[in-house]
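Structure file run30.cif; described as mmCIF, C-alpha atoms and all ligand atoms.
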data_query
#
loop_
_atom_site.label_atom_id
_atom_site.label_comp_id
_atom_site.auth_asym_id
_atom_site.auth_seq_id
_atom_site.Cartn_x
_atom_site.Cartn_y
_atom_site.Cartn_z
CA MET A 60 0.00 0.00 0.00
CA HIS A 61 1.10 3.57 -0.73
CA THR A 62 4.57 2.46 -1.85
CA LEU A 63 5.14 5.08 -4.53
CA THR A 64 4.77 8.26 -2.56
CA VAL A 65 7.52 10.36 -1.00
CA LEU A 66 5.31 10.88 2.07
CA ASP A 67 4.78 8.62 5.04
CA ILE A 68 1.12 8.66 4.11
CA GLU A 69 -0.27 6.62 7.01
CA ARG A 70 1.48 8.96 9.44
CA VAL A 71 0.21 12.03 7.62
CA ARG A 72 -3.36 10.68 7.56
CA GLY A 73 -3.17 9.76 11.23
CA GLN A 74 -2.85 13.46 12.03
CA PHE A 75 -6.24 14.32 10.49
CA PRO A 76 -9.01 13.14 12.83
CA ILE A 77 -11.77 13.65 10.25
CA LEU A 78 -10.21 11.15 7.85
CA SER A 79 -11.10 8.27 10.14
CA ARG A 80 -14.83 9.00 10.05
CA GLU A 81 -17.38 7.20 7.95
CA THR A 82 -19.96 9.02 5.85
CA LYS A 83 -22.46 6.26 6.69
CA PRO A 84 -21.95 2.96 8.47
CA GLY A 85 -19.19 1.02 6.75
CA VAL A 86 -18.43 3.73 4.18
CA PRO A 87 -15.14 5.55 4.87
CA LEU A 88 -14.72 9.16 3.84
CA ILE A 89 -12.71 9.82 0.68
CA TYR A 90 -12.19 13.55 0.69
CA LEU A 91 -11.34 14.88 -2.78
CA ASP A 92 -12.44 18.49 -2.33
CA SER A 93 -9.38 20.16 -0.85
CA ALA A 94 -9.33 22.95 -3.43
CA ALA A 95 -12.57 24.14 -1.78
CA THR A 96 -11.16 23.78 1.72
CA SER A 97 -8.59 21.43 3.20
CA GLN A 98 -9.00 19.23 6.24
CA LYS A 99 -7.24 20.25 9.46
CA PRO A 100 -4.58 18.29 11.34
CA ARG A 101 -4.86 17.71 15.07
CA GLN A 102 -2.09 20.19 15.87
CA VAL A 103 -4.05 23.05 14.27
CA ILE A 104 -7.22 22.14 16.15
CA GLU A 105 -5.25 21.82 19.39
CA ALA A 106 -3.35 25.10 18.95
CA MET A 107 -6.68 26.88 18.61
CA SER A 108 -8.26 25.21 21.63
CA THR A 109 -5.13 25.83 23.71
CA TYR A 110 -5.44 29.51 22.92
CA TYR A 111 -9.07 29.53 24.07
CA GLU A 112 -8.34 27.39 27.12
CA ARG A 113 -5.15 29.14 28.27
CA GLN A 114 -4.58 32.52 26.64
CA ASN A 115 -7.85 34.00 25.44
CA ALA A 116 -7.55 37.81 25.51
CA ASN A 117 -7.63 40.65 23.05
CA ILE A 118 -4.30 41.64 21.52
CA HIS A 119 -2.25 44.85 21.16
CA ARG A 120 -4.37 46.42 23.90
CA GLY A 121 -4.08 44.96 27.37
CA ILE A 122 -0.97 44.91 29.53
CA HIS A 123 -2.10 41.94 31.55
CA ARG A 124 -0.47 38.55 31.29
CA LEU A 125 -3.02 36.92 29.01
CA ALA A 126 -3.11 39.88 26.63
CA GLU A 127 0.67 39.80 26.36
CA GLU A 128 0.76 36.07 25.70
CA ALA A 129 -2.05 36.28 23.14
CA THR A 130 -0.29 39.17 21.36
CA GLU A 131 2.92 37.19 21.28
CA SER A 132 1.22 34.10 19.82
CA PHE A 133 -0.58 36.22 17.22
CA GLU A 134 2.56 38.05 16.11
CA SER A 135 4.59 34.85 16.13
CA ALA A 136 2.05 33.45 13.63
CA ARG A 137 2.77 36.46 11.43
CA ASP A 138 6.49 35.69 11.65
CA LYS A 139 5.82 32.11 10.57
CA VAL A 140 3.86 33.32 7.53
CA THR A 141 6.67 35.76 6.68
CA GLU A 142 9.23 32.97 6.66
CA PHE A 143 6.98 30.44 4.92
CA ILE A 144 6.38 32.66 1.90
CA GLY A 145 9.87 34.17 1.85
CA ALA A 146 8.76 37.75 2.54
CA LYS A 147 11.49 40.10 3.69
CA SER A 148 9.59 41.62 6.60
CA ALA A 149 6.56 40.89 8.78
CA ARG A 150 5.41 44.43 7.97
CA GLN A 151 4.50 43.11 4.53
CA VAL A 152 2.16 40.42 5.89
CA ILE A 153 -1.38 41.64 6.49
CA PHE A 154 -4.01 39.39 8.00
CA THR A 155 -7.36 39.53 6.21
CA ARG A 156 -10.35 37.18 6.22
CA ASN A 157 -9.41 35.28 3.07
CA THR A 158 -8.03 35.61 -0.47
CA THR A 159 -11.20 37.39 -1.53
CA GLU A 160 -10.78 40.10 1.09
CA SER A 161 -7.08 40.45 0.25
CA VAL A 162 -7.88 41.18 -3.40
CA ASN A 163 -10.69 43.55 -2.41
CA LEU A 164 -8.32 45.38 -0.07
CA VAL A 165 -5.98 46.10 -2.96
CA ALA A 166 -8.85 47.04 -5.29
CA TYR A 167 -10.34 49.46 -2.76
CA SER A 168 -7.19 50.97 -1.34
CA TRP A 169 -4.54 50.85 -4.07
CA GLY A 170 -7.02 50.69 -6.95
CA ARG A 171 -9.15 53.64 -5.96
CA ALA A 172 -6.09 55.76 -5.12
CA ASN A 173 -4.23 54.99 -8.32
CA LEU A 174 -6.60 54.09 -11.16
CA GLY A 175 -8.99 56.26 -13.11
CA LYS A 176 -10.75 56.68 -16.45
CA GLY A 177 -8.94 55.05 -19.34
CA ASP A 178 -6.47 53.10 -17.21
CA LEU A 179 -6.09 49.41 -17.98
CA ILE A 180 -6.20 46.28 -15.83
CA VAL A 181 -5.09 43.00 -17.40
CA LEU A 182 -6.59 39.80 -15.97
CA THR A 183 -6.83 36.30 -17.43
CA GLU A 184 -9.77 34.21 -18.59
CA MET A 185 -9.01 31.58 -15.95
CA GLU A 186 -9.49 33.80 -12.89
CA HIS A 187 -11.65 32.85 -9.94
CA HIS A 188 -14.48 35.35 -9.37
CA SER A 189 -12.47 36.71 -6.41
CA ASN A 190 -9.85 38.05 -8.78
CA MET A 191 -12.37 39.30 -11.30
CA VAL A 192 -15.39 40.87 -9.62
CA PRO A 193 -13.44 43.37 -7.42
CA TRP A 194 -11.79 44.68 -10.62
CA GLN A 195 -15.11 44.74 -12.50
CA MET A 196 -16.56 46.83 -9.66
CA LEU A 197 -13.63 49.23 -9.87
CA ALA A 198 -13.95 49.37 -13.65
CA GLN A 199 -17.66 50.18 -13.44
CA GLU A 200 -17.09 52.85 -10.81
CA ARG A 201 -14.03 54.54 -12.31
CA GLY A 202 -14.17 53.88 -16.02
CA VAL A 203 -11.10 51.63 -15.87
CA ARG A 204 -10.75 49.23 -18.82
CA LEU A 205 -10.35 45.47 -18.41
CA ALA A 206 -8.59 43.11 -20.78
CA PHE A 207 -8.11 39.35 -20.52
CA VAL A 208 -5.21 37.07 -21.37
CA LYS A 209 -6.61 34.22 -23.47
CA VAL A 210 -6.53 30.59 -22.41
CA THR A 211 -5.57 27.98 -24.99
CA GLU A 212 -7.59 24.83 -25.77
CA GLU A 213 -5.04 22.93 -23.70
CA GLY A 214 -5.80 25.12 -20.70
CA LEU A 215 -2.59 27.16 -20.63
CA LEU A 216 -2.31 30.92 -20.66
CA ASP A 217 -1.67 32.14 -24.19
CA LEU A 218 1.58 34.00 -23.59
CA GLY A 219 1.37 35.62 -27.04
CA SER A 220 -1.87 37.26 -25.98
CA PHE A 221 -0.18 38.27 -22.68
CA HIS A 222 2.64 39.97 -24.58
CA ASP A 223 0.17 41.77 -26.85
CA LEU A 224 -1.82 43.13 -23.89
CA LEU A 225 1.35 44.34 -22.18
CA GLU A 226 2.01 46.56 -25.19
CA ASN A 227 -0.96 48.64 -24.05
CA LYS A 228 0.96 49.45 -20.84
CA PRO A 229 -1.53 48.34 -18.20
CA GLN A 230 -1.36 49.89 -14.74
CA LEU A 231 -2.22 46.58 -13.05
CA VAL A 232 -1.81 42.95 -14.08
CA ALA A 233 -3.52 40.35 -11.87
CA PHE A 234 -3.49 36.60 -12.41
CA THR A 235 -3.78 33.34 -10.59
CA HIS A 236 -0.72 31.27 -9.70
CA MET A 237 -2.74 28.08 -10.08
CA SER A 238 -6.22 27.73 -11.60
CA ASN A 239 -8.83 26.13 -9.34
CA MET A 240 -10.67 24.76 -12.38
CA LEU A 241 -7.96 23.72 -14.86
CA GLY A 242 -5.21 23.07 -12.32
CA THR A 243 -2.84 25.05 -14.55
CA ILE A 244 0.29 26.30 -12.78
CA ASN A 245 1.21 29.57 -14.47
CA PRO A 246 4.78 30.84 -15.09
CA VAL A 247 4.29 33.58 -12.52
CA LYS A 248 7.88 34.70 -12.12
CA GLU A 249 8.33 35.33 -15.83
CA MET A 250 4.89 36.97 -16.11
CA THR A 251 5.66 39.24 -13.16
CA ARG A 252 8.94 40.32 -14.70
CA LEU A 253 7.36 41.09 -18.06
CA ALA A 254 4.47 43.03 -16.51
CA GLN A 255 6.75 45.05 -14.27
CA GLU A 256 8.99 45.87 -17.24
CA VAL A 257 6.11 47.82 -18.76
CA GLY A 258 5.46 49.57 -15.45
CA ALA A 259 2.51 47.50 -14.19
CA VAL A 260 1.84 46.61 -10.58
CA VAL A 261 1.39 42.83 -10.26
CA LEU A 262 -1.09 41.01 -8.03
CA ILE A 263 -1.05 37.23 -7.82
CA ASP A 264 -3.90 35.10 -6.51
CA GLY A 265 -2.11 32.38 -4.57
CA ALA A 266 -5.20 30.67 -3.10
CA GLN A 267 -4.36 27.36 -4.81
CA SER A 268 -0.56 27.64 -4.88
CA VAL A 269 0.62 28.45 -1.35
CA PRO A 270 -1.12 25.33 0.04
CA HIS A 271 0.37 23.00 -2.58
CA LEU A 272 3.69 24.26 -3.95
CA PRO A 273 6.87 25.75 -2.52
CA VAL A 274 6.28 29.51 -2.96
CA ASN A 275 8.90 32.21 -2.42
CA ILE A 276 7.27 35.56 -2.94
CA SER A 277 10.50 37.56 -2.90
CA ASP A 278 11.82 35.34 -5.67
CA ILE A 279 8.64 35.70 -7.74
CA GLY A 280 8.85 39.45 -7.22
CA ALA A 281 5.11 40.22 -7.27
CA ASP A 282 3.87 43.45 -5.70
CA PHE A 283 0.84 41.84 -4.07
CA TYR A 284 0.10 38.20 -3.30
CA ALA A 285 -3.08 36.83 -1.73
CA PHE A 286 -4.00 33.51 -0.11
CA SER A 287 -6.30 31.83 2.45
CA ALA A 288 -5.44 29.73 5.51
CA HIS A 289 -8.36 27.34 5.16
CA LYS A 290 -6.98 25.73 2.01
CA MET A 291 -3.58 25.02 3.64
CA CYS A 292 -4.61 22.98 6.70
CA GLY A 293 -5.48 26.12 8.65
CA PRO A 294 -8.82 27.48 9.86
CA THR A 295 -11.44 29.47 7.99
CA GLY A 296 -11.73 33.19 8.72
CA ILE A 297 -8.13 34.20 8.09
CA GLY A 298 -6.20 35.02 4.94
CA VAL A 299 -3.09 36.91 3.99
CA LEU A 300 -2.24 39.84 1.81
CA TYR A 301 1.47 40.20 1.12
CA GLY A 302 2.43 43.58 -0.30
CA ARG A 303 5.47 45.52 -1.42
CA GLU A 304 6.32 47.72 1.54
CA ASP A 305 6.56 51.07 -0.26
CA LEU A 306 3.19 50.47 -1.96
CA LEU A 307 1.53 49.48 1.32
CA ASP A 308 3.03 52.54 2.99
CA GLU A 309 1.58 54.87 0.38
CA MET A 310 -1.86 53.24 0.24
CA PRO A 311 -4.76 54.75 2.18
CA PRO A 312 -6.29 52.52 4.88
CA PHE A 313 -9.04 50.10 3.87
CA LEU A 314 -11.28 49.76 6.94
CA GLY A 315 -11.30 52.29 9.77
CA GLY A 316 -11.54 51.56 13.50
CA GLY A 317 -9.48 50.30 16.41
CA ASP A 318 -5.87 49.16 16.03
CA MET A 319 -5.32 50.74 12.60
CA ILE A 320 -4.73 54.19 14.19
CA LYS A 321 -2.01 55.85 16.21
CA ARG A 322 -4.06 58.78 17.47
CA VAL A 323 -7.69 59.80 17.09
CA GLN A 324 -9.18 63.23 17.71
CA LEU A 325 -12.79 64.23 17.20
CA GLU A 326 -12.32 65.25 13.59
CA THR A 327 -9.27 63.33 12.51
CA PHE A 328 -6.89 60.41 13.01
CA THR A 329 -3.34 59.39 12.22
CA VAL A 330 -2.79 55.99 10.72
CA ASN A 331 -0.83 53.19 12.41
CA ASP A 332 2.34 51.59 11.04
CA LEU A 333 2.32 48.50 8.86
CA PRO A 334 0.92 45.93 9.03
CA HIS A 335 -1.61 47.17 11.64
CA LYS A 336 -2.70 50.00 9.35
CA PHE A 337 -4.75 47.44 7.40
CA GLU A 338 -6.04 45.43 10.37
CA ALA A 339 -8.93 47.39 11.83
CA GLY A 340 -10.80 45.92 14.79
CA THR A 341 -10.19 42.74 16.74
CA PRO A 342 -8.54 40.34 14.32
CA PRO A 343 -9.08 36.57 14.03
CA ILE A 344 -6.67 35.72 16.86
CA ALA A 345 -7.31 32.01 17.33
CA GLU A 346 -7.33 31.66 13.54
CA ALA A 347 -3.92 33.32 13.20
CA ILE A 348 -2.58 30.91 15.80
CA GLY A 349 -4.17 28.03 13.87
CA LEU A 350 -2.54 29.26 10.67
CA GLY A 351 0.83 29.36 12.46
CA ALA A 352 0.32 25.74 13.53
CA ALA A 353 -0.66 24.78 9.96
CA ILE A 354 2.58 26.31 8.70
CA ASP A 355 4.59 24.36 11.30
CA PHE A 356 2.81 21.21 10.13
CA LEU A 357 3.40 21.81 6.41
CA THR A 358 7.00 22.83 7.03
CA SER A 359 7.65 19.63 8.97
CA ILE A 360 6.55 17.68 5.89
CA GLY A 361 8.12 19.96 3.29
CA MET A 362 6.28 21.73 0.47
CA GLN A 363 8.36 20.00 -2.17
CA ALA A 364 7.21 16.63 -0.82
CA VAL A 365 3.58 17.84 -0.77
CA HIS A 366 3.88 18.94 -4.40
CA GLN A 367 5.54 15.69 -5.50
CA HIS A 368 2.89 13.61 -3.76
CA GLU A 369 0.10 15.51 -5.50
CA LYS A 370 1.89 15.11 -8.84
CA LEU A 371 1.81 11.39 -8.33
CA LEU A 372 -1.93 11.47 -7.61
CA ILE A 373 -2.83 13.69 -10.56
CA GLU A 374 -0.73 11.57 -12.90
CA ARG A 375 -2.58 8.48 -11.75
CA MET A 376 -5.92 10.27 -12.04
CA LEU A 377 -5.28 11.51 -15.59
CA ASP A 378 -4.03 8.09 -16.69
CA ARG A 379 -7.02 6.29 -15.30
CA LEU A 380 -9.61 8.83 -16.47
CA GLU A 381 -8.54 8.09 -20.01
CA GLU A 382 -9.96 4.58 -19.73
CA VAL A 383 -13.43 5.78 -18.63
CA PRO A 384 -15.63 6.23 -21.73
CA GLY A 385 -17.36 9.59 -22.07
CA VAL A 386 -15.06 11.48 -19.70
CA ARG A 387 -13.30 14.65 -20.81
CA VAL A 388 -10.75 16.31 -18.54
CA TYR A 389 -10.02 20.04 -18.80
CA GLY A 390 -6.64 21.66 -18.34
CA PRO A 391 -3.09 20.80 -19.27
CA GLY A 392 -1.13 17.58 -18.79
CA VAL A 393 0.74 16.80 -15.58
CA GLU A 394 3.76 18.91 -16.49
CA HIS A 395 1.81 22.14 -15.98
CA LYS A 396 -0.88 20.91 -13.62
CA GLY A 397 -1.37 20.80 -9.87
CA GLY A 398 -3.60 18.34 -8.02
CA VAL A 399 -6.90 19.40 -9.57
CA ALA A 400 -8.91 17.54 -12.21
CA SER A 401 -12.17 19.02 -13.52
CA PHE A 402 -14.03 16.82 -15.95
CA SER A 403 -17.31 16.32 -17.73
CA PHE A 404 -19.11 13.04 -18.19
CA GLU A 405 -21.01 12.71 -21.44
CA GLY A 406 -24.74 12.79 -20.88
CA VAL A 407 -24.53 13.06 -17.08
CA HIS A 408 -24.90 16.28 -15.13
CA PRO A 409 -21.96 17.00 -12.76
CA HIS A 410 -24.38 17.19 -9.82
CA ASP A 411 -25.54 13.64 -10.55
CA VAL A 412 -21.93 12.46 -10.77
CA ALA A 413 -21.17 14.07 -7.42
CA GLN A 414 -24.28 12.62 -5.84
CA ILE A 415 -23.54 9.07 -6.88
CA LEU A 416 -19.95 9.43 -5.70
CA ASP A 417 -21.22 10.85 -2.40
CA GLY A 418 -23.18 7.64 -1.90
CA GLN A 419 -19.81 5.88 -1.90
CA GLY A 420 -18.28 8.28 0.61
CA ILE A 421 -16.40 10.21 -2.10
CA ALA A 422 -16.55 14.00 -1.71
CA VAL A 423 -15.96 15.94 -4.96
CA ARG A 424 -17.20 19.34 -6.02
CA ALA A 425 -19.72 19.88 -8.81
CA GLY A 426 -20.61 23.26 -10.30
CA HIS A 427 -18.78 26.22 -11.75
CA HIS A 428 -16.28 26.44 -8.87
CA CYS A 429 -16.63 30.25 -8.79
CA ALA A 430 -14.94 30.35 -12.18
CA MET A 431 -17.86 30.82 -14.58
CA PRO A 432 -15.96 32.58 -17.39
CA ILE A 433 -13.48 29.74 -17.88
CA HIS A 434 -16.32 27.21 -17.88
CA GLU A 435 -18.11 29.28 -20.50
CA LYS A 436 -14.93 29.42 -22.55
CA PHE A 437 -15.03 25.62 -22.79
CA GLY A 438 -18.77 25.68 -23.48
CA LEU A 439 -19.66 24.36 -20.04
CA ALA A 440 -22.04 25.39 -17.28
CA ALA A 441 -20.44 23.09 -14.74
CA THR A 442 -17.89 20.33 -14.19
CA THR A 443 -17.15 17.69 -11.60
CA ARG A 444 -13.86 18.39 -9.84
CA ALA A 445 -11.61 16.13 -7.81
CA SER A 446 -8.84 17.92 -5.95
CA PHE A 447 -6.05 16.38 -3.92
CA TYR A 448 -3.91 17.15 -0.92
CA LEU A 449 -1.12 15.55 1.03
CA TYR A 450 -3.46 13.13 2.83
CA ASN A 451 -4.95 11.55 -0.31
CA THR A 452 -3.81 8.16 -1.57
CA VAL A 453 -3.44 6.37 -4.88
CA GLU A 454 -6.08 3.93 -3.62
CA GLU A 455 -8.52 6.81 -3.22
CA VAL A 456 -7.91 7.85 -6.82
CA ASP A 457 -8.68 4.27 -7.84
CA SER A 458 -11.88 4.32 -5.77
CA LEU A 459 -12.94 7.46 -7.60
CA ILE A 460 -12.44 5.74 -10.95
CA GLU A 461 -14.48 2.75 -9.77
CA GLY A 462 -17.11 5.24 -8.64
CA LEU A 463 -17.22 6.71 -12.13
CA TYR A 464 -17.85 3.27 -13.59
CA GLN A 465 -20.85 3.04 -11.27
CA VAL A 466 -22.06 6.41 -12.54
CA LYS A 467 -21.81 4.94 -16.01
CA GLU A 468 -23.82 1.92 -14.98
CA VAL A 469 -26.59 4.03 -13.43
CA PHE A 470 -26.85 6.36 -16.43
CA GLY A 471 -26.27 3.71 -19.06
N1 LIG B 501 -11.80 28.52 -4.46
C1 LIG B 501 -12.85 26.36 -4.83
O1 LIG B 501 -13.58 25.44 -4.54
P1 LIG B 501 -11.55 32.40 -0.50
O2 LIG B 501 -12.94 31.92 -0.67
O3 LIG B 501 -11.47 33.88 -0.41
O4 LIG B 501 -10.82 31.69 0.59
O5 LIG B 501 -10.77 31.98 -1.82
C2 LIG B 501 -11.19 32.47 -3.04
C3 LIG B 501 -10.39 31.89 -4.15
C4 LIG B 501 -9.59 32.72 -4.91
N2 LIG B 501 -8.83 32.25 -5.89
C5 LIG B 501 -8.80 30.95 -6.21
C6 LIG B 501 -7.90 30.48 -7.32
C7 LIG B 501 -9.59 30.05 -5.51
O6 LIG B 501 -9.57 28.76 -5.83
C8 LIG B 501 -10.43 30.53 -4.47
C9 LIG B 501 -11.35 29.61 -3.72
C10 LIG B 501 -12.63 27.49 -3.85
O7 LIG B 501 -12.23 26.38 -5.91
C11 LIG B 501 -13.92 28.01 -3.32
S1 LIG B 501 -14.90 28.78 -4.56
#
Rewrite the coordinates I just gave you, this time as structure tokens.
Amino acid sequence: MHTLTVLDIERVRGQFPILSRETKPGVPLIYLDSAATSQKPRQVIEAMSTYYERQNANIHRGIHRLAEEATESFESARDKVTEFIGAKSARQVIFTRNTTESVNLVAYSWGRANLGKGDLIVLTEMEHHSNMVPWQMLAQERGVRLAFVKVTEEGLLDLGSFHDLLENKPQLVAFTHMSNMLGTINPVKEMTRLAQEVGAVVLIDGAQSVPHLPVNISDIGADFYAFSAHKMCGPTGIGVLYGREDLLDEMPPFLGGGDMIKRVQLETFTVNDLPHKFEAGTPPIAEAIGLGAAIDFLTSIGMQAVHQHEKLLIERMLDRLEEVPGVRVYGPGVEHKGGVASFSFEGVHPHDVAQILDGQGIAVRAGHHCAMPIHEKFGLAATTRASFYLYNTVEEVDSLIEGLYQVKEVFG
């Protein structure tokens, strides 16, 4: 069992309590929906309960013992994020609610301060709604133009179309590191360099990359980078916005309230230093501590090992899907693909596929995965998507394939 992987898979799985549950008597859970949200290891759950049981207090405010300990745990989580993503300073790491809020923060603060009528934002056709709608809102409000890098039939970004759009000297270029529908891993370092050469600010949506690949943001060189804790073994309710320090310094605050100020008078206020300037109100303290524990967990395994393990699973999945009649997989081959496979099944609605699989304990996602434009591009309203993480096994991939044969049987 599990001989091919670089991970000690039984040990990894043993750390996720939920993986030992059954979905109904005698039917073990096969969780293939980690692109939506990952499962959480025991050490994340325990770090959060320890905070509530031993340290619970508000941070940056009190001078009592608990407040000091809570502040230290919260800020130490920020230090862990800083190191994990290769940022130069903790001042560049802003805690938000999720990737979506991180992108919105940039659109509201940087976007509204810097973009106006006639300016150009370049996005791609494969963006998640989170990296599309905030820019559409800005475009509608300010008369900013939007243009989209094309996606090829194979599911790769058309770099010729990227080059052409850069000739129009966009002010902002925003793209995903890894597509949540196609699984495509984009050449983000090269794209960042090219966009910055024409003077654009670059934002990368890292919601699907930071959890699954080794990511060094300083090496990539992007100006902004966004991701969520809940997809990387951490809790819901906390995300990260990394930003270039001089840009963050110049940007106006996003939300106003406690903690983001230095001094408040009746009519005016002075803004706090980074990163607190962008963290108004009581932050998600237990969640930050949980994210810190998730980073310790992932670091102990190694992101390269996580990535290699998922490569093995996706390779197996793509190989085996080929033998199932009527299945079409979207996105590139394994060379450019992370652990995500979206597919259609001729004559069967994705919701029906997901429902039959659910009867066998297999959790997959069916729908547009908050990426309607890329589905439309391929003439689809929805797909079924299996997505992997470090706790999935080759045997689970095989169970999925067997499940698909059952779908075939039911629908003839
Ligand atoms: N994609 C999926 O099932 P939030 O919801 O803010 O944590 O993440 C948004 C987001 C942004 N970009 C990409 C590439 C994403 O995949 C996601 C979340 C989930 O595919 C939920 S729709």
Using all atoms listed in the file, tabulate the residues of chain A lying at most 7 Å from any atom of ligand LIG 501 (chain B), each with its closest atom pair and that distance in Å to one decimal, by chain and increasing residue number, as a tab-separated table.
residue	atom	partner	partner_atom	distance
A:Ala94	CA	B:LIG501	O1	5.0
A:Ala95	CA	B:LIG501	O1	3.2
A:Thr96	CA	B:LIG501	C10	6.9
A:Asn157	CA	B:LIG501	O3	4.3
A:Thr158	CA	B:LIG501	O3	3.9
A:Thr159	CA	B:LIG501	O3	3.7
A:Glu160	CA	B:LIG501	O3	6.4
A:Glu186	CA	B:LIG501	C6	6.7
A:His187	CA	B:LIG501	N2	5.0
A:Ser189	CA	B:LIG501	C4	5.1
A:Asn190	CA	B:LIG501	N2	6.6
A:Thr235	CA	B:LIG501	C6	6.0
A:Met237	CA	B:LIG501	C6	6.3
A:Ser238	CA	B:LIG501	C6	5.4
A:Asn239	CA	B:LIG501	O6	4.4
A:Met240	CA	B:LIG501	O7	6.8
A:Asp264	CA	B:LIG501	N2	5.7
A:Gly265	CA	B:LIG501	C6	6.7
A:Ala266	CA	B:LIG501	C5	4.8
A:Gln267	CA	B:LIG501	C6	5.3
A:Ser287	CA	B:LIG501	O4	4.9
A:His289	CA	B:LIG501	O4	6.8
A:His428	CA	B:LIG501	O7	5.0
A:Cys429	CA	B:LIG501	S1	4.8
What's around Val203 in chain A at 9 Å? Count all atoms listed in the file, leave out sequence neighbours fewer than 3 positions away in its own chain, and write the answer as a PyMOL selection string. chain A and resi 174-180+194-195+197-200
Tell me which residues come within 10 Å of (-26.8, 6.4, -15.3), as a VMD selection string, counting all atoms listed in the file in the file's coordinates. chain A and resid 406 to 407 411 to 412 415 464 to 471
In Å to one decimal, how far is CA of Asp138 in chain A from CA of Pro343 in chain A? 15.8 Å
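Between CA of Tyr450 in chain A and CA of Lys139 in chain A the interatomic distance comes to 22.5 Å.
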For range 346-358 of chain A, supply N, CA, C and O atoms and report the output as a PDB file, in the coordinates of the input.
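Saved to result-v4.pdb:
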ATOM      1  N   GLU A 346      -7.549  32.112  14.921  1.00  0.00           N
ATOM      2  CA  GLU A 346      -7.330  31.660  13.540  1.00  0.00           C
ATOM      3  C   GLU A 346      -5.890  31.913  13.108  1.00  0.00           C
ATOM      4  O   GLU A 346      -5.291  31.090  12.423  1.00  0.00           O
ATOM      5  N   ALA A 347      -5.325  33.053  13.530  1.00  0.00           N
ATOM      6  CA  ALA A 347      -3.920  33.320  13.200  1.00  0.00           C
ATOM      7  C   ALA A 347      -3.038  32.259  13.849  1.00  0.00           C
ATOM      8  O   ALA A 347      -2.107  31.722  13.217  1.00  0.00           O
ATOM      9  N   ILE A 348      -3.369  31.927  15.090  1.00  0.00           N
ATOM     10  CA  ILE A 348      -2.580  30.910  15.800  1.00  0.00           C
ATOM     11  C   ILE A 348      -2.729  29.557  15.098  1.00  0.00           C
ATOM     12  O   ILE A 348      -1.763  28.812  14.934  1.00  0.00           O
ATOM     13  N   GLY A 349      -3.939  29.267  14.633  1.00  0.00           N
ATOM     14  CA  GLY A 349      -4.170  28.030  13.870  1.00  0.00           C
ATOM     15  C   GLY A 349      -3.378  28.021  12.570  1.00  0.00           C
ATOM     16  O   GLY A 349      -2.803  26.999  12.181  1.00  0.00           O
ATOM     17  N   LEU A 350      -3.321  29.170  11.915  1.00  0.00           N
ATOM     18  CA  LEU A 350      -2.540  29.260  10.670  1.00  0.00           C
ATOM     19  C   LEU A 350      -1.050  29.018  10.964  1.00  0.00           C
ATOM     20  O   LEU A 350      -0.373  28.310  10.209  1.00  0.00           O
ATOM     21  N   GLY A 351      -0.576  29.589  12.068  1.00  0.00           N
ATOM     22  CA  GLY A 351       0.830  29.360  12.460  1.00  0.00           C
ATOM     23  C   GLY A 351       1.098  27.870  12.647  1.00  0.00           C
ATOM     24  O   GLY A 351       2.111  27.337  12.182  1.00  0.00           O
ATOM     25  N   ALA A 352       0.151  27.176  13.290  1.00  0.00           N
ATOM     26  CA  ALA A 352       0.320  25.740  13.530  1.00  0.00           C
ATOM     27  C   ALA A 352       0.269  24.969  12.200  1.00  0.00           C
ATOM     28  O   ALA A 352       0.980  23.982  12.008  1.00  0.00           O
ATOM     29  N   ALA A 353      -0.567  25.433  11.279  1.00  0.00           N
ATOM     30  CA  ALA A 353      -0.660  24.780   9.960  1.00  0.00           C
ATOM     31  C   ALA A 353       0.675  24.919   9.223  1.00  0.00           C
ATOM     32  O   ALA A 353       1.146  23.986   8.562  1.00  0.00           O
ATOM     33  N   ILE A 354       1.281  26.083   9.360  1.00  0.00           N
ATOM     34  CA  ILE A 354       2.580  26.310   8.700  1.00  0.00           C
ATOM     35  C   ILE A 354       3.651  25.405   9.321  1.00  0.00           C
ATOM     36  O   ILE A 354       4.467  24.801   8.608  1.00  0.00           O
ATOM     37  N   ASP A 355       3.635  25.284  10.654  1.00  0.00           N
ATOM     38  CA  ASP A 355       4.590  24.360  11.300  1.00  0.00           C
ATOM     39  C   ASP A 355       4.389  22.945  10.763  1.00  0.00           C
ATOM     40  O   ASP A 355       5.358  22.242  10.467  1.00  0.00           O
ATOM     41  N   PHE A 356       3.130  22.557  10.613  1.00  0.00           N
ATOM     42  CA  PHE A 356       2.810  21.210  10.130  1.00  0.00           C
ATOM     43  C   PHE A 356       3.315  21.003   8.698  1.00  0.00           C
ATOM     44  O   PHE A 356       4.021  20.032   8.397  1.00  0.00           O
ATOM     45  N   LEU A 357       2.990  21.948   7.819  1.00  0.00           N
ATOM     46  CA  LEU A 357       3.400  21.810   6.410  1.00  0.00           C
ATOM     47  C   LEU A 357       4.918  21.865   6.281  1.00  0.00           C
ATOM     48  O   LEU A 357       5.508  21.135   5.475  1.00  0.00           O
ATOM     49  N   THR A 358       5.540  22.713   7.095  1.00  0.00           N
ATOM     50  CA  THR A 358       7.000  22.830   7.030  1.00  0.00           C
ATOM     51  C   THR A 358       7.652  21.528   7.478  1.00  0.00           C
ATOM     52  O   THR A 358       8.676  21.107   6.925  1.00  0.00           O
TER      53      THR A 358
END
